[in-house]
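**Q** So here's query.txt, just compact mmCIF, C-alpha atoms and all ligand atoms:
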# COMPACT_ATOMS: atom_id res chain seq x y z
CA MET A 1 73.77 104.16 95.59
CA SER A 2 76.61 105.01 93.24
CA THR A 3 76.25 105.45 89.50
CA ILE A 4 79.53 103.50 89.16
CA PRO A 5 78.64 99.81 88.70
CA VAL A 6 80.14 97.44 91.28
CA PRO A 7 82.65 95.20 89.48
CA ALA A 8 81.59 91.56 89.23
CA GLY A 9 83.07 89.34 91.91
CA ILE A 10 83.28 91.95 94.66
CA PRO A 11 80.99 90.86 97.50
CA VAL A 12 78.16 93.31 98.20
CA PHE A 13 77.39 93.71 101.90
CA ASP A 14 74.18 95.34 103.03
CA GLY A 15 75.01 95.43 106.77
CA ASP A 16 75.68 98.72 108.57
CA PRO A 17 79.15 99.22 110.09
CA PHE A 18 77.78 102.28 111.92
CA SER A 19 74.76 100.55 113.50
CA MET A 20 74.63 100.39 117.29
CA GLU A 21 75.07 96.62 116.98
CA ALA A 22 78.33 97.07 115.03
CA LEU A 23 79.61 99.76 117.41
CA ALA A 24 78.94 97.51 120.39
CA ASP A 25 81.27 94.87 118.91
CA PRO A 26 83.41 96.40 116.16
CA ILE A 27 86.06 93.66 116.42
CA GLY A 28 83.44 90.96 115.80
CA PHE A 29 81.68 92.98 113.10
CA ASP A 30 84.79 94.06 111.19
CA SER A 31 86.23 90.54 111.41
CA LYS A 32 83.08 89.22 109.77
CA VAL A 33 83.37 91.79 106.95
CA ARG A 34 87.06 90.88 106.55
CA GLU A 35 86.15 87.26 105.92
CA LEU A 36 83.73 88.20 103.12
CA GLY A 37 86.73 89.11 100.97
CA PRO A 38 89.75 91.41 100.66
CA VAL A 39 87.49 94.12 99.23
CA VAL A 40 83.82 94.41 100.11
CA TYR A 41 81.27 96.87 98.70
CA ILE A 42 79.24 98.40 101.53
CA SER A 43 76.03 99.16 99.65
CA ARG A 44 74.33 101.30 102.29
CA TYR A 45 77.05 103.98 102.13
CA ASP A 46 78.47 103.34 98.69
CA TYR A 47 82.05 102.64 99.69
CA TYR A 48 84.57 99.88 99.24
CA ALA A 49 86.10 98.42 102.38
CA ILE A 50 89.64 97.04 102.14
CA THR A 51 89.61 94.51 104.91
CA GLN A 52 92.72 92.31 105.11
CA TRP A 53 96.14 93.12 106.56
CA ALA A 54 98.35 92.78 103.47
CA ASP A 55 95.99 94.69 101.16
CA ILE A 56 95.53 97.52 103.66
CA GLN A 57 99.27 97.89 104.06
CA LYS A 58 99.76 97.88 100.29
CA GLY A 59 96.95 100.40 99.79
CA LEU A 60 98.30 102.76 102.44
CA ARG A 61 101.58 102.89 100.54
CA ASP A 62 99.78 103.83 97.33
CA TRP A 63 98.95 107.45 98.17
CA ARG A 64 99.26 108.55 94.54
CA ARG A 65 96.22 106.51 93.57
CA ILE A 66 94.52 106.23 96.95
CA SER A 67 94.10 109.81 98.13
CA SER A 68 93.38 111.20 101.58
CA ALA A 69 92.22 114.55 100.26
CA SER A 70 88.66 113.32 99.83
CA ARG A 71 86.98 110.68 101.93
CA PRO A 72 83.68 109.05 102.76
CA PHE A 73 81.62 111.43 104.96
CA TYR A 74 83.72 114.38 103.83
CA GLU A 75 81.21 117.18 104.46
CA PRO A 76 82.74 120.27 106.13
CA ASN A 77 82.52 120.25 109.90
CA PRO A 78 84.20 122.39 112.59
CA TYR A 79 85.82 119.30 114.19
CA ARG A 80 87.23 117.99 110.97
CA PRO A 81 90.95 118.81 110.76
CA THR A 82 92.08 120.80 107.72
CA VAL A 83 95.67 119.56 107.79
CA LEU A 84 97.55 116.26 107.75
CA VAL A 85 95.01 113.49 107.81
CA LEU A 86 92.99 115.06 104.96
CA GLU A 87 95.95 116.12 102.81
CA ASP A 88 98.07 114.60 100.06
CA PRO A 89 101.61 115.69 99.14
CA PRO A 90 102.96 118.29 98.65
CA SER A 91 101.09 120.17 101.42
CA HIS A 92 100.97 117.00 103.55
CA THR A 93 104.75 116.59 103.30
CA GLN A 94 105.40 120.06 104.65
CA ASN A 95 102.92 119.79 107.50
CA LYS A 96 103.94 116.25 108.44
CA GLY A 97 107.55 117.40 108.62
CA ALA A 98 106.54 120.15 111.04
CA ALA A 99 104.39 117.83 113.17
CA MET A 100 107.16 115.22 113.37
CA ALA A 101 109.74 117.89 114.22
CA VAL A 102 107.83 118.73 117.40
CA LEU A 103 106.67 115.18 118.27
CA SER A 104 110.06 113.44 118.17
CA GLY A 105 113.77 113.98 118.87
CA GLU A 106 114.86 116.19 121.76
CA ASN A 107 111.27 116.80 122.84
CA LEU A 108 110.80 113.10 123.51
CA VAL A 109 113.85 113.02 125.79
CA ARG A 110 112.29 115.84 127.81
CA PHE A 111 108.87 114.15 127.77
CA GLU A 112 110.25 110.80 128.95
CA GLU A 113 111.77 112.23 132.09
CA TYR A 114 108.57 114.04 132.95
CA PHE A 115 106.23 111.13 132.10
CA ALA A 116 108.28 108.77 134.30
CA ALA A 117 108.19 111.11 137.31
CA GLU A 118 104.43 111.59 136.95
CA ALA A 119 103.76 107.87 136.44
CA GLU A 120 105.62 107.16 139.68
CA ARG A 121 103.75 109.91 141.52
CA LEU A 122 100.34 108.68 140.32
CA VAL A 123 101.01 105.01 141.12
CA ASN A 124 102.24 106.05 144.61
CA GLU A 125 99.02 107.96 145.12
CA ILE A 126 96.85 105.04 143.98
CA LEU A 127 98.68 102.50 146.16
CA ALA A 128 99.06 104.80 149.19
CA ASN A 129 96.78 102.59 151.33
CA GLY A 130 97.70 99.18 149.91
CA PRO A 131 95.43 97.35 147.45
CA ALA A 132 93.27 99.78 145.52
CA GLU A 133 90.00 99.36 143.66
CA ILE A 134 89.89 101.83 140.80
CA ASP A 135 88.45 102.43 137.37
CA ALA A 136 91.59 102.04 135.26
CA PHE A 137 90.11 104.37 132.64
CA HIS A 138 89.36 107.43 134.80
CA ASP A 139 91.60 106.91 137.83
CA LEU A 140 94.70 105.76 135.97
CA SER A 141 94.66 106.39 132.23
CA VAL A 142 92.78 109.70 132.07
CA LYS A 143 94.51 111.09 135.19
CA TYR A 144 97.92 110.26 133.77
CA VAL A 145 97.37 111.26 130.13
CA LEU A 146 95.56 114.52 130.93
CA LYS A 147 98.39 115.45 133.25
CA VAL A 148 101.51 114.57 131.32
CA PHE A 149 100.86 115.49 127.70
CA PRO A 150 98.91 118.76 128.24
CA ASP A 151 101.73 119.87 130.58
CA MET A 152 104.19 119.32 127.74
CA LEU A 153 101.85 121.23 125.43
CA GLY A 154 101.81 124.07 127.98
CA LEU A 155 98.01 123.92 128.38
CA PRO A 156 96.17 125.38 131.39
CA GLU A 157 94.92 122.94 134.07
CA GLU A 158 91.41 124.22 133.80
CA GLY A 159 89.33 122.72 131.03
CA ARG A 160 91.66 119.85 130.07
CA GLU A 161 88.91 117.27 130.38
CA LEU A 162 87.32 119.02 127.38
CA LEU A 163 90.05 117.47 125.22
CA LEU A 164 88.27 114.12 125.61
CA LYS A 165 84.97 115.61 124.46
CA PHE A 166 86.71 117.27 121.52
CA GLY A 167 88.39 114.00 120.53
CA ASP A 168 85.05 112.23 120.81
CA GLY A 169 83.67 114.70 118.26
CA VAL A 170 86.66 114.37 115.92
CA PHE A 171 86.35 110.58 115.90
CA ASN A 172 82.61 110.60 115.24
CA VAL A 173 82.66 113.03 112.33
CA PHE A 174 83.39 110.31 109.77
CA GLY A 175 80.11 108.46 109.81
CA PRO A 176 76.45 108.94 108.95
CA GLU A 177 74.33 111.74 110.40
CA THR A 178 72.30 110.06 113.11
CA GLU A 179 70.95 110.96 116.54
CA PHE A 180 74.05 109.20 117.94
CA GLN A 181 76.35 111.46 115.93
CA LYS A 182 74.34 114.55 116.84
CA GLN A 183 74.86 113.81 120.54
CA LYS A 184 78.58 113.24 120.12
CA LEU A 185 79.00 116.49 118.21
CA ALA A 186 76.95 118.39 120.79
CA GLY A 187 79.47 117.20 123.43
CA ALA A 188 82.36 118.36 121.27
CA ALA A 189 80.69 121.75 120.74
CA LEU A 190 81.17 122.39 124.48
CA ALA A 191 84.93 121.96 123.97
CA GLN A 192 85.24 123.93 120.76
CA ASP A 193 85.88 127.37 122.30
CA TRP A 194 88.47 126.07 124.75
CA VAL A 195 90.31 124.22 121.99
CA GLU A 196 90.30 127.18 119.59
CA ARG A 197 91.43 129.59 122.33
CA ASN A 198 94.40 127.40 123.20
CA THR A 199 95.71 127.11 119.67
CA TYR A 200 96.52 130.80 119.10
CA ARG A 201 100.11 132.03 119.05
CA GLU A 202 99.66 134.50 121.92
CA VAL A 203 98.81 131.80 124.50
CA GLN A 204 101.65 129.36 123.70
CA LYS A 205 104.18 129.03 126.53
CA GLU A 206 107.78 129.55 125.50
CA GLY A 207 109.41 126.22 124.65
CA SER A 208 106.10 124.31 124.41
CA VAL A 209 105.10 122.21 121.39
CA GLY A 210 102.73 124.97 120.17
CA TRP A 211 105.40 127.63 120.58
CA GLN A 212 107.82 125.49 118.54
CA LEU A 213 105.25 125.14 115.75
CA TYR A 214 104.88 128.92 115.52
CA GLN A 215 108.69 129.22 115.45
CA LEU A 216 108.65 126.95 112.39
CA ALA A 217 106.07 129.27 110.82
CA ASP A 218 108.37 132.23 111.58
CA GLN A 219 111.18 130.41 109.78
CA GLY A 220 108.94 130.10 106.71
CA LYS A 221 108.64 126.31 107.05
CA LEU A 222 104.82 126.39 107.06
CA PRO A 223 101.99 128.92 106.94
CA GLU A 224 100.93 130.41 110.30
CA GLU A 225 97.40 129.00 109.99
CA ASP A 226 98.79 125.52 109.37
CA ALA A 227 100.80 125.76 112.60
CA ARG A 228 97.52 126.39 114.40
CA GLN A 229 95.75 123.58 112.56
CA ILE A 230 98.53 121.10 113.38
CA LEU A 231 98.16 121.99 117.03
CA LYS A 232 94.41 121.49 116.73
CA SER A 233 95.01 118.08 115.12
CA ILE A 234 97.22 117.13 118.07
CA PHE A 235 94.44 118.18 120.46
CA GLY A 236 91.91 116.17 118.44
CA ALA A 237 93.91 112.98 117.88
CA GLY A 238 96.17 112.86 120.93
CA PHE A 239 93.89 112.14 123.90
CA ASP A 240 90.92 109.86 123.22
CA THR A 241 93.30 107.48 121.50
CA THR A 242 95.86 107.17 124.29
CA THR A 243 93.38 107.18 127.20
CA ALA A 244 91.24 104.49 125.58
CA SER A 245 94.15 102.31 124.55
CA ILE A 246 95.87 102.40 127.94
CA ALA A 247 92.55 101.36 129.54
CA SER A 248 92.20 98.60 126.94
CA MET A 249 95.71 97.38 127.77
CA ILE A 250 94.82 97.12 131.47
CA ARG A 251 91.74 95.14 130.54
CA ALA A 252 93.78 92.75 128.39
CA LEU A 253 96.27 92.26 131.23
CA ALA A 254 93.50 91.71 133.80
CA ASP A 255 91.84 89.17 131.51
CA ASN A 256 95.13 87.32 131.01
CA PRO A 257 96.87 86.89 134.39
CA ALA A 258 99.44 84.48 132.94
CA GLU A 259 100.57 87.25 130.56
CA TRP A 260 100.90 89.65 133.49
CA GLU A 261 103.07 87.07 135.28
CA LYS A 262 105.28 86.84 132.16
CA LEU A 263 105.72 90.61 132.23
CA LYS A 264 106.58 90.63 135.92
CA ALA A 265 109.14 87.91 135.35
CA ASN A 266 110.60 89.71 132.34
CA PRO A 267 110.04 93.50 132.37
CA ASP A 268 112.00 93.75 129.11
CA LEU A 269 108.75 92.63 127.49
CA VAL A 270 107.05 95.95 128.35
CA ASP A 271 107.50 97.54 124.92
CA ASN A 272 106.30 94.40 123.13
CA ALA A 273 103.34 94.06 125.51
CA TRP A 274 102.18 97.55 124.56
CA GLU A 275 102.45 96.79 120.82
CA GLU A 276 100.48 93.58 121.38
CA SER A 277 97.87 95.57 123.31
CA ILE A 278 97.19 97.88 120.39
CA ARG A 279 97.26 95.07 117.87
CA TYR A 280 94.65 93.31 119.99
CA TYR A 281 92.64 96.44 120.88
CA PRO A 282 93.48 99.12 118.25
CA ALA A 283 92.40 102.63 119.24
CA SER A 284 91.45 103.55 115.68
CA ARG A 285 88.97 101.54 113.64
CA PHE A 286 89.42 102.72 110.05
CA GLY A 287 90.70 105.49 107.79
CA GLY A 288 88.83 106.89 104.82
CA ARG A 289 90.33 107.32 101.35
CA TYR A 290 89.34 108.04 97.74
CA ALA A 291 90.34 106.20 94.55
CA LYS A 292 91.84 108.87 92.28
CA GLU A 293 92.47 106.08 89.82
CA ALA A 294 91.27 102.50 89.59
CA VAL A 295 93.09 100.32 92.14
CA GLU A 296 93.65 96.58 92.13
CA VAL A 297 93.08 94.69 95.36
CA GLY A 298 93.99 91.04 94.85
CA GLU A 299 92.08 89.94 91.75
CA HIS A 300 89.53 92.77 92.06
CA THR A 301 89.60 96.38 90.86
CA ILE A 302 88.09 99.25 92.84
CA PRO A 303 86.78 101.72 90.26
CA GLN A 304 88.16 105.23 89.87
CA GLY A 305 86.12 107.75 91.88
CA ALA A 306 85.12 105.28 94.60
CA ASN A 307 85.19 106.02 98.32
CA ILE A 308 87.32 103.61 100.32
CA LEU A 309 87.57 102.59 103.96
CA MET A 310 90.81 101.02 105.18
CA MET A 311 89.49 98.78 107.96
CA TRP A 312 92.61 98.32 110.06
CA LEU A 313 90.88 97.40 113.31
CA GLY A 314 89.89 94.04 111.80
CA SER A 315 93.39 93.64 110.35
CA GLY A 316 94.77 93.23 113.88
CA ARG A 317 92.80 89.97 114.07
CA ASP A 318 93.62 88.74 110.57
CA HIS A 319 94.67 85.07 110.81
CA ARG A 320 96.50 85.44 107.48
CA LYS A 321 98.97 87.67 109.32
CA TYR A 322 98.92 86.47 112.93
CA ASP A 323 98.78 83.01 114.48
CA ALA A 324 95.91 82.70 116.98
CA PRO A 325 94.98 86.38 116.45
CA ASP A 326 92.33 86.37 119.20
CA THR A 327 94.89 85.40 121.82
CA TYR A 328 96.69 88.15 123.74
CA LEU A 329 100.39 87.32 124.17
CA VAL A 330 102.85 89.82 125.62
CA ASP A 331 105.71 87.92 124.00
CA ARG A 332 104.11 87.56 120.54
CA ASP A 333 106.60 87.99 117.69
CA LEU A 334 105.54 91.33 116.25
CA THR A 335 108.56 91.96 114.06
CA GLY A 336 106.16 92.08 111.07
CA GLY A 337 104.41 94.99 112.75
CA HIS A 338 100.75 95.99 113.00
CA LEU A 339 98.60 98.63 111.34
CA SER A 340 97.13 100.19 114.48
CA PHE A 341 99.09 103.41 113.88
CA GLY A 342 98.28 103.27 110.17
CA PHE A 343 101.07 102.89 107.60
CA GLY A 344 102.86 104.93 104.94
CA ILE A 345 102.86 108.70 104.71
CA HIS A 346 99.92 109.10 107.11
CA THR A 347 101.39 106.89 109.85
CA CYS A 348 100.30 108.41 113.16
CA ALA A 349 102.22 111.64 113.79
CA GLY A 350 101.92 111.09 117.54
CA ASN A 351 102.96 107.43 117.57
CA LEU A 352 106.24 108.12 119.38
CA VAL A 353 104.47 110.17 122.04
CA ALA A 354 101.69 107.59 122.44
CA ARG A 355 104.22 104.78 122.70
CA LEU A 356 106.27 106.69 125.24
CA GLU A 357 103.26 107.52 127.42
CA ALA A 358 102.05 103.93 127.50
CA ARG A 359 105.43 102.24 127.93
CA VAL A 360 106.53 104.54 130.74
CA LEU A 361 103.29 103.92 132.64
CA LEU A 362 103.38 100.16 132.05
CA ARG A 363 107.00 100.00 133.24
CA GLU A 364 105.96 101.65 136.50
CA LEU A 365 102.99 99.29 136.92
CA VAL A 366 105.15 96.22 136.34
CA LYS A 367 107.60 97.46 138.96
CA ARG A 368 104.96 98.14 141.59
CA ILE A 369 101.98 95.86 141.10
CA ASP A 370 101.60 92.20 141.98
CA THR A 371 98.14 91.43 140.57
CA ILE A 372 95.51 93.15 138.43
CA GLU A 373 92.02 91.69 138.86
CA LEU A 374 88.73 92.77 137.32
CA THR A 375 86.13 93.67 139.95
CA GLY A 376 83.24 94.12 137.51
CA GLU A 377 82.30 94.13 133.85
CA PRO A 378 84.45 96.53 131.73
CA ARG A 379 82.61 98.79 129.31
CA GLN A 380 83.73 99.54 125.80
CA ALA A 381 83.10 103.05 124.44
CA MET A 382 80.69 103.54 121.52
CA ASN A 383 82.31 105.47 118.71
CA TYR A 384 82.21 105.50 114.88
CA GLN A 385 85.96 105.64 114.35
CA ALA A 386 87.75 105.19 117.67
CA PHE A 387 87.83 102.01 119.73
CA GLY A 388 88.63 101.48 123.37
CA HIS A 389 87.37 101.10 126.89
CA GLU A 390 85.71 103.82 128.97
CA TYR A 391 85.34 101.80 132.18
CA VAL A 392 87.68 99.11 133.49
CA PRO A 393 87.05 98.33 137.18
CA VAL A 394 90.10 96.61 138.71
CA ARG A 395 91.77 95.79 142.00
CA LEU A 396 95.48 96.58 141.98
CA THR A 397 97.47 94.77 144.63
CA PRO A 398 100.97 96.13 145.27
CA ARG A 399 104.00 93.89 145.28
CA PRO A 400 104.96 92.77 148.80
C1 LIG B 501 97.44 104.77 120.90
C2 LIG B 501 97.33 106.00 120.42
C3 LIG B 501 97.10 106.34 118.98
C4 LIG B 501 96.67 105.57 117.93
C5 LIG B 501 96.30 104.08 117.96
C6 LIG B 501 96.65 106.41 116.76
C7 LIG B 501 96.29 105.98 115.49
C8 LIG B 501 96.42 106.73 114.33
C9 LIG B 501 96.18 106.24 113.00
C10 LIG B 501 95.72 104.84 112.65
C11 LIG B 501 96.46 107.26 112.13
C12 LIG B 501 96.38 107.19 110.59
C13 LIG B 501 95.15 107.85 110.03
C14 LIG B 501 95.02 107.69 108.53
O1 LIG B 501 95.93 107.20 107.85
O2 LIG B 501 93.93 108.00 108.02
C15 LIG B 501 96.84 108.40 112.93
C16 LIG B 501 97.16 109.63 112.41
C17 LIG B 501 97.47 110.73 113.19
N1 LIG B 501 97.64 110.76 114.55
FE1 LIG B 501 97.44 109.21 115.82
N2 LIG B 501 97.05 107.66 117.10
C18 LIG B 501 97.36 107.67 118.45
C19 LIG B 501 97.85 108.73 119.19
C20 LIG B 501 98.13 109.97 118.70
C21 LIG B 501 98.73 111.04 119.46
C22 LIG B 501 99.16 110.95 120.93
C23 LIG B 501 98.82 112.12 118.62
C24 LIG B 501 99.37 113.49 118.88
C25 LIG B 501 100.32 113.73 119.75
C26 LIG B 501 98.31 111.70 117.32
C27 LIG B 501 98.25 112.49 116.20
C28 LIG B 501 97.97 112.04 114.93
C29 LIG B 501 97.98 112.90 113.75
C30 LIG B 501 98.28 114.39 113.73
C31 LIG B 501 97.69 112.06 112.66
C32 LIG B 501 97.60 112.45 111.18
C33 LIG B 501 98.92 112.05 110.52
C34 LIG B 501 98.93 112.20 109.01
O3 LIG B 501 97.86 112.32 108.40
O4 LIG B 501 100.03 112.22 108.43
N3 LIG B 501 97.92 110.39 117.41
N4 LIG B 501 96.83 108.04 114.26
Give the structure from this file in structure tokens form.

**A**
Amino acid sequence: MSTIPVPAGIPVFDGDPFSMEALADPIGFDSKVRELGPVVYISRYDYYAITQWADIQKGLRDWRRISSASRPFYEPNPYRPTVLVLEDPPSHTQNKGAAMAVLSGENLVRFEEYFAAEAERLVNEILANGPAEIDAFHDLSVKYVLKVFPDMLGLPEEGRELLLKFGDGVFNVFGPETEFQKQKLAGAALAQDWVERNTYREVQKEGSVGWQLYQLADQGKLPEEDARQILKSIFGAGFDTTTASIASMIRALADNPAEWEKLKANPDLVDNAWEESIRYYPASRFGGRYAKEAVEVGEHTIPQGANILMMWLGSGRDHRKYDAPDTYLVDRDLTGGHLSFGFGIHTCAGNLVARLEARVLLRELVKRIDTIELTGEPRQAMNYQAFGHEYVPVRLTPRP
């Protein structure tokens, strides 16, 4: 328990957001916390949760007072990145510039062409014998993502599946030390060597994303070690997120056949359908922060020195922001945006790549598939910080 007194009026919550019960239903759990108030003191871990859409967005803009350079569960750990997500300006500005330089622009044009060809090849393979019963997580999402993006990163074929184990470690670092966490980190330890080996300058293929980062280091735009750490951040953040969220999207479409019909009738809705999918099933649950100064949230003040969690998963279901937030609508008006990629200076560095991967695949599915039906009970993954599905059994029936 903190020595800083909890200001009067802030609800004190003694539930555990990292309990197995909460991890089994984080949308339900975080929505309940959101309705306790815009800021809630989580007594068990001594942090303040900011829970509602508008306050999270405002707080994410306020990086001068709400720092990323210290966070709840900040103890050193080999899976914890040392750049970007745990930095404030000025070092963050330099590293974010480098990350965005290699995850946007001309590279995306090259990626799009490749992603589209591979999406077509994979869907052909799946539908080769007519209707197919598959697990949309392993047989579609993982197969596609672990092919297309590692190829663009110039990674070897062998060992790629370790990226998922590594990501699983990265996304379970920020939570309490429990048997559950120990198991997750033991899985990631198996991937550690492979990940480290593939971040060094000598193994980067000419023209690849890693090679480009080291070129930026050669031009004096960032330190050599930061180039390596940015690459490691991409390995850590770029796979669990996209595989889980594409599987979640398939689940949402299978659960809502009328929405699938809308998409088939109007394929221009593909981009919006993907945004709605990650509003509805965000791949990231929260981000940690630290109050360098006292911060007002509505009529409350979070004291200086407090740990903060920005609980953006629950914000996707905030009825103050969205009408009928628990309804999945591919044509929902999302011009006001969502917070599933974060907001402000730490907005996801890979958001353009993630969006491209998902949209290209969905476009191909809309072109080729008549119906998506669940053939069993989908399973959601258990994770402190990430959210998504790890098993989505479906029957895909091709268009006549
Ligand atoms: C659907 C997929 C994804 C989702 C939902 C997602 C979500 C997020 C969120 C919410 C943040 C903000 C964290 C914070 O403010 O504390 C973030 C940051 C980040 N993401 Fe993603 N992400 C996805 C895919 C990716 C991919 C594909 C990559 C790499 C290619 C990536 C790399 C990063 C990096 C490096 C950061 C740190 C950025 C910074 O601190 O400035 N992400 N992501």

**Q** Per residue of chain A within 6 Å of ligand LIG 501 (chain B), which atom pair is closest and at what distance in Å (one decimal), using only C-alpha atoms and all ligand atoms, listed by chain and increasing number, as JSON lines?

**A**
{"residue": "A:Leu84", "atom": "CA", "partner": "B:LIG501", "partner_atom": "O3", "distance": 4.0}
{"residue": "A:Val85", "atom": "CA", "partner": "B:LIG501", "partner_atom": "O3", "distance": 3.1}
{"residue": "A:Lys96", "atom": "CA", "partner": "B:LIG501", "partner_atom": "O4", "distance": 5.6}
{"residue": "A:Ser233", "atom": "CA", "partner": "B:LIG501", "partner_atom": "C30", "distance": 5.1}
{"residue": "A:Ile234", "atom": "CA", "partner": "B:LIG501", "partner_atom": "C24", "distance": 4.3}
{"residue": "A:Ala237", "atom": "CA", "partner": "B:LIG501", "partner_atom": "C26", "distance": 4.6}
{"residue": "A:Gly238", "atom": "CA", "partner": "B:LIG501", "partner_atom": "C21", "distance": 3.5}
{"residue": "A:Thr241", "atom": "CA", "partner": "B:LIG501", "partner_atom": "C2", "distance": 4.4}
{"residue": "A:Thr242", "atom": "CA", "partner": "B:LIG501", "partner_atom": "C2", "distance": 4.3}
{"residue": "A:Ser245", "atom": "CA", "partner": "B:LIG501", "partner_atom": "C1", "distance": 5.5}
{"residue": "A:Pro282", "atom": "CA", "partner": "B:LIG501", "partner_atom": "C5", "distance": 5.7}
{"residue": "A:Ala283", "atom": "CA", "partner": "B:LIG501", "partner_atom": "C5", "distance": 4.4}
{"residue": "A:Ser284", "atom": "CA", "partner": "B:LIG501", "partner_atom": "C5", "distance": 5.4}
{"residue": "A:Gly287", "atom": "CA", "partner": "B:LIG501", "partner_atom": "O2", "distance": 4.1}
{"residue": "A:Ser340", "atom": "CA", "partner": "B:LIG501", "partner_atom": "C10", "distance": 5.2}
{"residue": "A:Phe341", "atom": "CA", "partner": "B:LIG501", "partner_atom": "C10", "distance": 3.9}
{"residue": "A:Gly342", "atom": "CA", "partner": "B:LIG501", "partner_atom": "C10", "distance": 3.9}
{"residue": "A:Ile345", "atom": "CA", "partner": "B:LIG501", "partner_atom": "O4", "distance": 5.9}
{"residue": "A:His346", "atom": "CA", "partner": "B:LIG501", "partner_atom": "O4", "distance": 3.4}
{"residue": "A:Thr347", "atom": "CA", "partner": "B:LIG501", "partner_atom": "C12", "distance": 5.1}
{"residue": "A:Cys348", "atom": "CA", "partner": "B:LIG501", "partner_atom": "C16", "distance": 3.5}
{"residue": "A:Ala349", "atom": "CA", "partner": "B:LIG501", "partner_atom": "C28", "distance": 4.4}
{"residue": "A:Gly350", "atom": "CA", "partner": "B:LIG501", "partner_atom": "C23", "distance": 3.4}
{"residue": "A:Asn351", "atom": "CA", "partner": "B:LIG501", "partner_atom": "C19", "distance": 5.5}
{"residue": "A:Val353", "atom": "CA", "partner": "B:LIG501", "partner_atom": "C22", "distance": 5.5}
{"residue": "A:Ala354", "atom": "CA", "partner": "B:LIG501", "partner_atom": "C22", "distance": 4.5}

**Q** In file coordinates, which residues lie within 7 Å of (104.4, 120.3, 121.2) using all atoms listed in the file, given as a ChimeraX atom specification?

**A** /A:102-103,152-153,208-210,212

**Q** Which one is closest to Phe29 (chain A): A:His300, A:Arg320, A:Arg399, A:Arg285? Count all atoms listed in the file.

**A**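 The closest residue to Phe29 (chain A) is A:Arg285.
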
**Q** Which residues come within 12 Å of Gly97 (chain A), counting all atoms listed in the file, excluding same-chain residues fewer than 3 positions away, as a list in words?

**A**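 Near neighbours after the sequence-gap exclusion: Leu84, Pro89, Pro90, Ser91, His92, Thr93, Gln94, Met100, Ala101, Val102, Leu103, Ser104, Leu213, Leu216, Lys221, Leu222, Asp226, Ala227, Ile230, Ile345, His346 and Ala349 of chain A.
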
**Q** Those same residues - C-alpha atoms - I'd like them written as a PDB file, in the frame of the given file.

**A**
ATOM      1  CA  LEU A  84      97.550 116.260 107.750  1.00  0.00           C
ATOM      2  CA  PRO A  89     101.610 115.690  99.140  1.00  0.00           C
ATOM      3  CA  PRO A  90     102.960 118.290  98.650  1.00  0.00           C
ATOM      4  CA  SER A  91     101.090 120.170 101.420  1.00  0.00           C
ATOM      5  CA  HIS A  92     100.970 117.000 103.550  1.00  0.00           C
ATOM      6  CA  THR A  93     104.750 116.590 103.300  1.00  0.00           C
ATOM      7  CA  GLN A  94     105.400 120.060 104.650  1.00  0.00           C
ATOM      8  CA  MET A 100     107.160 115.220 113.370  1.00  0.00           C
ATOM      9  CA  ALA A 101     109.740 117.890 114.220  1.00  0.00           C
ATOM     10  CA  VAL A 102     107.830 118.730 117.400  1.00  0.00           C
ATOM     11  CA  LEU A 103     106.670 115.180 118.270  1.00  0.00           C
ATOM     12  CA  SER A 104     110.060 113.440 118.170  1.00  0.00           C
ATOM     13  CA  LEU A 213     105.250 125.140 115.750  1.00  0.00           C
ATOM     14  CA  LEU A 216     108.650 126.950 112.390  1.00  0.00           C
ATOM     15  CA  LYS A 221     108.640 126.310 107.050  1.00  0.00           C
ATOM     16  CA  LEU A 222     104.820 126.390 107.060  1.00  0.00           C
ATOM     17  CA  ASP A 226      98.790 125.520 109.370  1.00  0.00           C
ATOM     18  CA  ALA A 227     100.800 125.760 112.600  1.00  0.00           C
ATOM     19  CA  ILE A 230      98.530 121.100 113.380  1.00  0.00           C
ATOM     20  CA  ILE A 345     102.860 108.700 104.710  1.00  0.00           C
ATOM     21  CA  HIS A 346      99.920 109.100 107.110  1.00  0.00           C
ATOM     22  CA  ALA A 349     102.220 111.640 113.790  1.00  0.00           C
TER      23      ALA A 349
END

**Q** Expressed in Å to a single decimal, how great is the separation between CA of Lys292 (chain A) and CA of Pro5 (chain A)?

**A**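 These atoms are spaced 16.4 Å apart.
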
**Q** Let me make sure I understand: among A:Glu179, A:Glu202, A:Asp62, A:Asp135, which one has the smallest atom-to-atom distance to Thr375 (chain A) if we use only C-alpha atoms?

**A**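 Using only C-alpha atoms, the shortest distance to Thr375 (chain A) belongs to A:Asp135.
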
**Q** Residues near Glu293 (chain A), anyone? I mean within 7 Å using all atoms listed in the file, not counting same-chain ones fewer than 2 positions away, as a PyMOL selection string.

**A** chain A and resi 65+291+295+304-305

**Q** Work out how far CA of Val173 (chain A) is from CA of Pro7 (chain A), in Å to one decimal.

**A**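 About the pair CA of Pro7 (chain A) and CA of Val173 (chain A): they are 29.0 Å apart.
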
**Q** Rounded to one decimal place, report the CA of Thr82 (chain A)-CA of Glu206 (chain A) distance in Å.

**A** 25.3 Å

**Q** I'd like the neighbourhood of Ile10 (chain A) as a list in words, where a residue qualifies if any of its atoms comes within 7 Å (using only C-alpha atoms), though same-chain residues fewer than 6 positions away should be ignored.

**A**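 Once the nearby chain positions are removed, what remains is Val39, Val40, Tyr41 and His300 of chain A.
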
**Q** Given the choices A:Val330, A:Ala188, A:Val12, A:Ala24, which gets closest to Phe387 (chain A) if the distance is worked out from only C-alpha atoms?

**A** A:Ala24
